[in-house]
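Asker: One file is attached below, input_35.txt, containing compact mmCIF, C-alpha atoms.
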# COMPACT_ATOMS: atom_id res chain seq x y z
CA MET A 204 103.70 103.01 104.27
CA GLY A 205 101.92 100.33 102.19
CA LYS A 206 103.35 97.41 100.25
CA LEU A 207 105.79 97.33 97.35
CA SER A 208 105.31 95.44 94.09
CA ILE A 209 108.47 94.73 92.11
CA ILE A 210 107.50 93.94 88.54
CA ILE A 211 109.80 92.04 86.17
CA PRO A 212 109.00 91.84 82.43
CA CYS A 213 110.54 88.60 81.20
CA TYR A 214 111.66 87.79 77.67
CA ASN A 215 114.46 85.35 76.81
CA CYS A 216 116.12 85.90 80.18
CA GLN A 217 116.92 82.33 81.19
CA GLU A 218 120.54 83.26 81.95
CA THR A 219 119.96 86.44 83.97
CA LEU A 220 116.55 86.27 85.69
CA ALA A 221 117.67 84.38 88.79
CA GLU A 222 120.50 86.85 89.37
CA ALA A 223 118.08 89.78 89.06
CA VAL A 224 115.76 88.19 91.63
CA GLU A 225 118.61 87.46 94.01
CA SER A 226 119.50 91.16 93.96
CA ILE A 227 116.01 91.86 95.34
CA TYR A 228 116.53 89.50 98.25
CA ARG A 229 119.89 91.09 99.03
CA GLN A 230 117.94 94.28 99.77
CA ASP A 231 116.87 92.91 103.17
CA LEU A 232 113.54 94.68 102.82
CA GLU A 233 111.60 95.16 106.03
CA ILE A 234 108.45 96.27 104.22
CA PRO A 235 105.99 93.74 102.77
CA PHE A 236 106.60 93.14 99.07
CA GLU A 237 105.66 90.95 96.14
CA ILE A 238 107.46 90.14 92.89
CA VAL A 239 105.26 90.02 89.81
CA MET A 240 106.80 88.38 86.74
CA VAL A 241 105.22 88.31 83.28
CA ASN A 242 106.59 86.03 80.59
CA ASP A 243 106.26 87.70 77.19
CA ALA A 244 106.05 84.41 75.25
CA SER A 245 109.77 83.64 75.56
CA PRO A 246 110.92 80.82 73.24
CA ASP A 247 113.75 79.79 75.59
CA SER A 248 113.48 78.25 79.07
CA THR A 249 112.54 81.53 80.79
CA ARG A 250 109.15 80.17 81.85
CA GLN A 251 110.74 77.22 83.66
CA ILE A 252 113.18 79.51 85.47
CA MET A 253 110.21 81.65 86.58
CA THR A 254 108.42 78.56 87.89
CA ASP A 255 111.51 77.41 89.79
CA LEU A 256 111.94 80.84 91.39
CA ALA A 257 108.26 80.97 92.38
CA THR A 258 108.69 77.61 94.08
CA LYS A 259 111.70 78.92 95.98
CA TYR A 260 110.20 82.29 96.98
CA THR A 261 106.60 82.69 98.14
CA GLU A 262 106.56 86.39 97.24
CA ILE A 263 106.79 85.61 93.52
CA LYS A 264 103.74 85.54 91.26
CA VAL A 265 104.03 84.34 87.66
CA PHE A 266 101.89 85.29 84.64
CA ASP A 267 102.13 84.77 80.88
CA HIS A 268 101.40 86.35 77.53
CA SER A 269 100.23 83.83 74.94
CA LYS A 270 102.12 85.80 72.27
CA ASN A 271 104.95 88.32 72.30
CA LEU A 272 103.55 91.82 72.91
CA GLY A 273 106.67 93.84 73.72
CA GLY A 274 108.08 95.62 76.76
CA GLY A 275 105.35 98.21 77.29
CA ALA A 276 102.50 95.73 77.22
CA THR A 277 104.41 93.35 79.48
CA ARG A 278 105.07 96.05 82.07
CA ASN A 279 101.41 97.08 81.92
CA THR A 280 100.28 93.50 82.52
CA ALA A 281 102.62 93.23 85.51
CA VAL A 282 101.24 96.43 87.03
CA GLU A 283 97.66 95.20 86.47
CA LYS A 284 98.49 91.96 88.31
CA SER A 285 100.11 93.80 91.22
CA THR A 286 98.33 94.28 94.53
CA SER A 287 100.40 97.17 95.94
CA ASP A 288 100.09 100.94 95.97
CA ILE A 289 103.75 101.40 95.00
CA ILE A 290 105.47 99.84 91.97
CA PHE A 291 109.09 99.39 90.92
CA CYS A 292 110.20 97.82 87.63
CA LEU A 293 113.34 95.69 87.59
CA ASP A 294 114.38 94.49 84.16
CA SER A 295 115.19 90.81 84.00
CA ASP A 296 118.83 91.32 82.99
CA ASP A 297 119.63 94.05 85.51
CA LEU A 298 120.56 94.22 89.20
CA LEU A 299 119.74 96.40 92.18
CA GLY A 300 122.37 98.11 94.25
CA ASP A 301 122.19 97.08 97.89
CA GLY A 302 119.67 99.08 99.92
CA THR A 303 118.27 100.88 96.89
CA LEU A 304 114.62 99.81 97.19
CA ALA A 305 114.28 100.71 100.87
CA LYS A 306 115.82 104.14 100.27
CA MET A 307 113.49 104.83 97.35
CA PHE A 308 110.42 103.58 99.21
CA ASP A 309 111.18 105.75 102.26
CA PHE A 310 112.06 108.77 100.13
CA LEU A 311 108.82 108.52 98.15
CA ASN A 312 106.81 108.40 101.36
CA ASP A 313 108.81 111.21 102.98
CA LYS A 314 108.31 113.50 99.98
CA ASN A 315 104.70 112.37 99.52
CA CYS A 316 105.34 112.50 95.77
CA ASP A 317 104.25 110.40 92.79
CA ALA A 318 107.61 108.85 91.91
CA VAL A 319 111.32 108.70 92.68
CA GLY A 320 114.17 107.90 90.34
CA ILE A 321 117.61 106.47 91.02
CA SER A 322 120.64 108.71 91.34
CA THR A 323 123.24 106.44 89.71
CA SER A 324 123.11 103.95 86.85
CA ILE A 325 126.12 101.69 86.39
CA LYS A 326 126.50 99.96 83.01
CA PHE A 327 128.42 96.72 83.43
CA LYS A 328 129.48 94.23 80.79
CA ASN A 329 128.13 90.69 80.50
CA ARG A 330 128.35 88.92 83.88
CA ASN A 331 131.09 90.93 85.56
CA ILE A 332 129.67 93.78 87.65
CA LYS A 333 133.22 95.07 88.12
CA ASP A 334 133.71 95.49 84.36
CA ILE A 335 132.07 98.90 84.11
CA ALA A 336 131.59 100.47 80.70
CA PHE A 337 130.34 103.81 82.01
CA THR A 338 128.24 105.39 84.75
CA ASN A 339 125.34 107.84 84.56
CA ASN A 340 124.92 110.24 87.47
CA PHE A 341 121.45 111.70 87.19
CA GLY A 342 120.46 115.23 87.99
CA TYR A 343 118.30 116.88 90.66
CA VAL A 344 119.43 114.52 93.41
CA GLY A 345 117.17 115.06 96.39
CA GLU A 346 115.18 117.58 94.37
CA LYS A 347 112.00 117.76 92.30
CA ILE A 348 112.58 116.87 88.65
CA PRO A 349 111.44 119.63 86.25
CA PHE A 350 109.77 118.73 82.97
CA GLU A 351 112.62 120.42 81.08
CA ASN A 352 114.99 117.73 82.33
CA LEU A 353 113.44 115.39 79.73
CA LEU A 354 114.97 117.54 76.99
CA GLU A 355 118.57 116.42 76.81
CA LYS A 356 120.90 119.40 76.52
CA LYS A 357 124.66 119.69 76.52
CA GLY A 358 125.90 120.25 80.05
CA GLN A 359 122.57 119.29 81.61
CA PRO A 360 122.36 116.20 83.83
CA LEU A 361 120.36 113.28 82.47
CA CYS A 362 116.81 112.73 83.69
CA SER A 363 116.56 109.86 86.18
CA LEU A 364 113.10 108.98 84.88
CA TYR A 365 114.70 107.78 81.64
CA SER A 366 115.94 104.89 83.75
CA THR A 367 113.59 102.71 85.77
CA PHE A 368 111.81 104.44 88.66
CA MET A 369 109.42 103.80 91.56
CA PHE A 370 105.89 105.17 91.23
CA THR A 371 102.47 105.00 92.82
CA ILE A 372 99.67 103.01 91.24
CA LYS A 373 97.52 106.15 91.25
CA ALA A 374 100.14 108.02 89.23
CA PHE A 375 100.41 105.09 86.81
CA ALA A 376 96.69 105.39 86.07
CA ILE A 377 96.91 109.16 85.58
CA ALA A 378 99.85 108.79 83.19
CA GLY A 379 98.02 106.13 81.19
CA GLY A 380 100.57 103.38 81.69
CA TYR A 381 103.42 102.41 79.39
CA PRO A 382 102.89 102.91 75.64
CA THR A 383 102.52 99.77 73.54
CA ASN A 384 102.90 101.20 70.03
CA HIS A 385 106.69 101.49 70.05
CA GLY A 386 109.77 100.15 71.80
CA PHE A 387 110.78 103.14 73.95
CA ASP A 388 108.14 102.47 76.57
CA THR A 389 110.32 103.51 79.53
CA GLN A 390 111.35 106.83 77.99
CA SER A 391 107.79 107.58 76.85
CA PHE A 392 106.40 106.73 80.29
CA ALA A 393 108.68 109.43 81.71
CA TRP A 394 107.15 111.95 79.30
CA ARG A 395 103.62 110.81 80.12
CA PHE A 396 104.44 111.14 83.79
CA LEU A 397 105.74 114.69 83.86
CA ALA A 398 103.43 115.94 81.10
CA ASN A 399 100.48 115.04 83.32
CA GLY A 400 101.77 117.23 86.12
CA LEU A 401 102.91 114.35 88.32
CA THR A 402 105.72 115.00 90.79
CA ALA A 403 108.98 113.07 90.86
CA TYR A 404 112.26 113.40 92.74
CA THR A 405 115.69 111.82 92.27
CA CYS A 406 116.48 109.71 95.32
CA PRO A 407 119.99 110.16 96.78
CA GLU A 408 122.46 107.28 97.16
CA THR A 409 120.54 104.80 95.03
CA THR A 410 122.14 102.56 92.43
CA TYR A 411 120.83 100.47 89.55
CA LEU A 412 123.10 98.18 87.55
CA HIS A 413 122.31 97.89 83.83
CA ARG A 414 123.75 94.89 82.05
CA ILE A 415 125.10 95.61 78.56
CA ASN A 416 126.75 93.54 75.81
CA PHE A 417 124.74 90.50 76.81
CA GLY A 418 121.80 88.96 74.96
CA ARG A 419 119.12 90.78 73.00
CA SER A 420 117.08 92.91 75.37
CA TYR A 421 114.01 94.87 74.29
CA TYR A 422 116.22 97.92 73.70
CA ILE A 423 118.80 95.98 71.68
CA ARG A 424 116.07 94.51 69.50
CA GLU A 425 114.79 98.02 68.77
CA TYR A 426 118.30 99.30 68.04
CA GLU A 427 119.16 96.41 65.72
CA SER A 428 115.92 96.89 63.80
CA GLY A 429 116.78 100.56 63.19
CA LYS A 430 113.82 101.93 65.15
CA LEU A 431 115.53 104.46 67.42
CA SER A 432 114.49 107.50 65.39
CA HIS A 433 111.03 106.07 64.80
CA ASN A 434 110.55 105.60 68.54
CA TRP A 435 111.65 109.12 69.47
CA PHE A 436 109.42 110.49 66.71
CA LYS A 437 106.43 108.69 68.23
CA ILE A 438 107.23 110.10 71.67
CA TYR A 439 107.44 113.67 70.36
CA ALA A 440 104.33 113.20 68.21
CA GLU A 441 102.32 112.12 71.27
CA PHE A 442 103.19 115.38 72.99
CA LEU A 443 102.88 117.85 70.13
CA PHE A 444 100.64 120.03 72.28
CA LEU A 445 103.61 120.86 74.51
CA PHE A 446 105.65 122.48 71.73
CA ASN A 447 105.47 125.84 70.01
CA ASP A 448 104.27 126.09 66.41
CA HIS A 449 107.78 126.04 64.97
CA LEU A 450 108.75 122.85 66.76
CA LYS A 451 105.40 121.25 65.94
CA LYS A 452 106.12 121.77 62.25
CA GLU A 453 109.65 120.39 62.63
CA ILE A 454 108.29 117.24 64.26
CA ILE A 455 105.43 116.77 61.79
CA ASP A 456 107.72 117.25 58.79
CA TYR A 457 110.41 114.94 60.14
CA ASP A 458 110.76 111.64 58.27
CA PRO A 459 112.31 109.03 60.59
CA SER A 460 112.72 106.62 57.66
CA ASN A 461 115.53 108.85 56.38
CA SER A 462 117.53 108.42 59.60
CA ILE A 463 120.30 105.87 59.91
CA ILE A 464 119.12 104.82 63.39
Is it possible to express this structure as structure tokens?

Answerer:
Amino acid sequence: MGKLSIIIPCYNCQETLAEAVESIYRQDLEIPFEIVMVNDASPDSTRQIMTDLATKYTEIKVFDHSKNLGGGATRNTAVEKSTSDIIFCLDSDDLLGDGTLAKMFDFLNDKNCDAVGISTSIKFKNRNIKDIAFTNNFGYVGEKIPFENLLEKKGQPLCSLYSTFMFTIKAFAIAGGYPTNHGFDTQSFAWRFLANGLTAYTCPETTYLHRINFGRSYYIREYESGKLSHNWFKIYAEFLFLFNDHLKKEIIDYDPSNSII
């Protein structure tokens, strides 16, 4: 079965980090686990909150970046500091649905696969988990996720790997970790994962709660700086070898600076 490492990249999360951690302890995990937090040079009081939580909970380990390196680098550092064979990333402003981690951990072991994604993502506003903006129900629940699921098409269910997912440390090494040259590290990690032939399933009855309209997360910072198109371009450019000649030319000729996002 092994041990589980829950990594938390931390940046300017003084108001939400404790709530995220509490959602881990509501899981009532029976498996051994650790929580690895990395402070990405937050200018607010995030570091003090991390210290206080580590004092309260012996499972918590705290590390720091001396300068801000971004989400991908922070997740990579957290994985490097982990001591488990299985990793799950919880963002510092999000929450776990009750029982989610145990279900994912058991499902990953039962399937003997490289990763499992969540089946439902609930987007809630600010501090009220009952104020739901919208819900994503991911595809291939209980099934193997095909590579084609990464290509968003009308009428096709969203890929659960575009959200956070649980993976083995061996698979992380094969995929090459999270990218550090752009801000869509989670989405790009999904591409690296499936492009390397790794196997992932969507775990049934698992819920992750994404907080929106609150603070300036890594994603919001990328959106506000107009880098969405640039980030997707860098993902596609990394995987040019997967496309036919026509699509390769379309990608190479595309100028993300002309996009409004």

Asker: For a test of reading the model, state the distance in Å between atom CA of Ala403 of chain A and atom CA of Cys316 of chain A, rounded to one decimal.

Answerer: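 So the two atoms, atom CA of Ala403 of chain A and atom CA of Cys316 of chain A, lie 6.1 Å apart.
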
Asker: Excluding Val239 of chain A and any residue of its chain fewer than 2 positions from it, enumerate the residues within 8 Å of it, using all atoms listed in the file, and give them as a list of chain:residue names.

Answerer: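 In the requested format, the answer is A:Ser208, A:Ile209, A:Ile210, A:Ile211, A:Glu237, A:Val241, A:Ile263, A:Lys264, A:Val265, A:Phe266, A:Ala281, A:Lys284, A:Ser285.
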
Asker: Hey, which of A:Glu441, A:Glu351, A:Glu218, A:Glu225 ends up closest to Ser391 of chain A? Count all atoms listed in the file.

Answerer: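 Among the listed residues, A:Glu441 lies closest to Ser391 of chain A.
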
Asker: In the coordinates of the file, take the point (105.0, 103.4, 89.1) and a cut-off of 8 Å; then, counting all atoms listed in the file, name each qualifying protein, DNA or RNA residue as a list in words.

Answerer: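 Answer for this query, in the requested form: Ile289, Ile290, Phe291, Cys292, Asp317, Ala318, Phe368, Met369, Phe370, Thr371, Ile372, Ala374 and Phe375 of chain A.
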
Asker: Between A:Phe392, A:Phe236, A:Tyr411, A:Tyr343, which one has atoms that come closest to Asp294 of chain A, using all atoms listed in the file?

Answerer: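 Looking at the shortest contact to Asp294 of chain A, the residue is A:Tyr411.
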
Asker: Between A:Lys206, A:Lys314, A:Arg395, A:Arg414, single out the one closest to Ile238 of chain A, counting all atoms listed in the file.

Answerer: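 Closest residue, counting all atoms listed in the file: A:Lys206.
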
Asker: Which value, in Å to one decimal, gives the distance between atom CA of Glu222 of chain A and atom CA of Lys333 of chain A?

Answerer: 15.2 Å

Asker: When you count all atoms listed in the file, which of these residues is closest to Asp313 of chain A: A:Gly345, A:Leu272, A:His449, A:Thr367?

Answerer: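 Going through A:Gly345, A:Leu272, A:His449, A:Thr367 one by one, the smallest distance to Asp313 of chain A is for A:Gly345.
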
Asker: In Å to one decimal, how far is atom CA of Phe444 of chain A from atom CA of Gly320 of chain A?

Answerer: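 These atoms are spaced 25.6 Å apart.
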
Asker: Rebuild all heavy atoms on segment 355-366 of chain A, as a JSON list (two decimals), in the coordinates of the input?

Answerer:
[["chain", "number", "residue", "atom", "x", "y", "z"],
["A", 355, "GLU", "N", 117.14, 116.58, 76.61],
["A", 355, "GLU", "CA", 118.57, 116.42, 76.81],
["A", 355, "GLU", "C", 119.33, 117.59, 76.17],
["A", 355, "GLU", "O", 119.21, 117.83, 74.97],
["A", 355, "GLU", "CB", 119.04, 115.09, 76.24],
["A", 355, "GLU", "CG", 118.43, 113.88, 76.95],
["A", 355, "GLU", "CD", 119.01, 112.57, 76.45],
["A", 355, "GLU", "OE1", 120.17, 112.56, 75.99],
["A", 355, "GLU", "OE2", 118.30, 111.55, 76.52],
["A", 356, "LYS", "N", 120.10, 118.27, 76.99],
["A", 356, "LYS", "CA", 120.90, 119.40, 76.52],
["A", 356, "LYS", "C", 122.34, 119.22, 76.98],
["A", 356, "LYS", "O", 122.61, 118.64, 78.02],
["A", 356, "LYS", "CB", 120.33, 120.71, 77.08],
["A", 356, "LYS", "CG", 118.90, 121.02, 76.65],
["A", 356, "LYS", "CD", 118.43, 122.32, 77.28],
["A", 356, "LYS", "CE", 116.99, 122.63, 76.90],
["A", 356, "LYS", "NZ", 116.50, 123.89, 77.54],
["A", 357, "LYS", "N", 123.25, 119.76, 76.19],
["A", 357, "LYS", "CA", 124.66, 119.69, 76.52],
["A", 357, "LYS", "C", 124.91, 120.37, 77.86],
["A", 357, "LYS", "O", 124.47, 121.50, 78.08],
["A", 357, "LYS", "CB", 125.49, 120.34, 75.43],
["A", 357, "LYS", "CG", 126.99, 120.18, 75.62],
["A", 357, "LYS", "CD", 127.77, 120.76, 74.45],
["A", 357, "LYS", "CE", 129.26, 120.58, 74.64],
["A", 357, "LYS", "NZ", 130.04, 121.14, 73.50],
["A", 358, "GLY", "N", 125.59, 119.69, 78.75],
["A", 358, "GLY", "CA", 125.90, 120.25, 80.05],
["A", 358, "GLY", "C", 124.82, 120.06, 81.08],
["A", 358, "GLY", "O", 125.03, 120.39, 82.25],
["A", 359, "GLN", "N", 123.66, 119.52, 80.67],
["A", 359, "GLN", "CA", 122.57, 119.29, 81.61],
["A", 359, "GLN", "C", 122.58, 117.84, 82.07],
["A", 359, "GLN", "O", 122.79, 116.95, 81.26],
["A", 359, "GLN", "CB", 121.23, 119.60, 80.94],
["A", 359, "GLN", "CG", 120.01, 119.27, 81.81],
["A", 359, "GLN", "CD", 118.70, 119.57, 81.11],
["A", 359, "GLN", "OE1", 118.25, 120.71, 81.11],
["A", 359, "GLN", "NE2", 118.10, 118.56, 80.51],
["A", 360, "PRO", "N", 122.37, 117.59, 83.36],
["A", 360, "PRO", "CA", 122.36, 116.20, 83.83],
["A", 360, "PRO", "C", 121.19, 115.42, 83.24],
["A", 360, "PRO", "O", 120.13, 115.98, 82.94],
["A", 360, "PRO", "CB", 122.20, 116.34, 85.35],
["A", 360, "PRO", "CG", 121.55, 117.68, 85.53],
["A", 360, "PRO", "CD", 122.11, 118.55, 84.44],
["A", 361, "LEU", "N", 121.40, 114.14, 83.03],
["A", 361, "LEU", "CA", 120.36, 113.28, 82.47],
["A", 361, "LEU", "C", 119.18, 113.15, 83.44],
["A", 361, "LEU", "O", 119.35, 113.24, 84.65],
["A", 361, "LEU", "CB", 120.94, 111.90, 82.17],
["A", 361, "LEU", "CG", 121.96, 111.81, 81.04],
["A", 361, "LEU", "CD1", 122.59, 110.42, 81.02],
["A", 361, "LEU", "CD2", 121.32, 112.12, 79.70],
["A", 362, "CYS", "N", 118.01, 112.90, 82.88],
["A", 362, "CYS", "CA", 116.81, 112.73, 83.69],
["A", 362, "CYS", "C", 116.75, 111.31, 84.24],
["A", 362, "CYS", "O", 116.82, 110.34, 83.48],
["A", 362, "CYS", "CB", 115.57, 113.02, 82.85],
["A", 362, "CYS", "SG", 114.02, 112.86, 83.76],
["A", 363, "SER", "N", 116.59, 111.19, 85.55],
["A", 363, "SER", "CA", 116.56, 109.86, 86.18],
["A", 363, "SER", "C", 115.34, 109.04, 85.78],
["A", 363, "SER", "O", 115.35, 107.82, 85.89],
["A", 363, "SER", "CB", 116.62, 110.00, 87.70],
["A", 363, "SER", "OG", 115.47, 110.66, 88.19],
["A", 364, "LEU", "N", 114.29, 109.71, 85.28],
["A", 364, "LEU", "CA", 113.10, 108.98, 84.88],
["A", 364, "LEU", "C", 113.30, 108.23, 83.56],
["A", 364, "LEU", "O", 112.48, 107.39, 83.19],
["A", 364, "LEU", "CB", 111.90, 109.93, 84.76],
["A", 364, "LEU", "CG", 111.49, 110.67, 86.03],
["A", 364, "LEU", "CD1", 110.15, 111.36, 85.82],
["A", 364, "LEU", "CD2", 111.42, 109.73, 87.23],
["A", 365, "TYR", "N", 114.39, 108.53, 82.85],
["A", 365, "TYR", "CA", 114.70, 107.78, 81.64],
["A", 365, "TYR", "C", 115.25, 106.39, 81.99],
["A", 365, "TYR", "O", 115.37, 105.53, 81.12],
["A", 365, "TYR", "CB", 115.70, 108.52, 80.77],
["A", 365, "TYR", "CG", 115.06, 109.58, 79.89],
["A", 365, "TYR", "CD1", 115.78, 110.70, 79.49],
["A", 365, "TYR", "CD2", 113.75, 109.46, 79.44],
["A", 365, "TYR", "CE1", 115.22, 111.68, 78.68],
["A", 365, "TYR", "CE2", 113.17, 110.42, 78.64],
["A", 365, "TYR", "CZ", 113.90, 111.53, 78.26],
["A", 365, "TYR", "OH", 113.33, 112.48, 77.45],
["A", 366, "SER", "N", 115.60, 106.21, 83.24],
["A", 366, "SER", "CA", 115.94, 104.89, 83.75],
["A", 366, "SER", "C", 114.67, 104.34, 84.40],
["A", 366, "SER", "O", 113.60, 104.94, 84.32],
["A", 366, "SER", "CB", 117.08, 104.98, 84.76],
["A", 366, "SER", "OG", 117.45, 103.71, 85.22]]
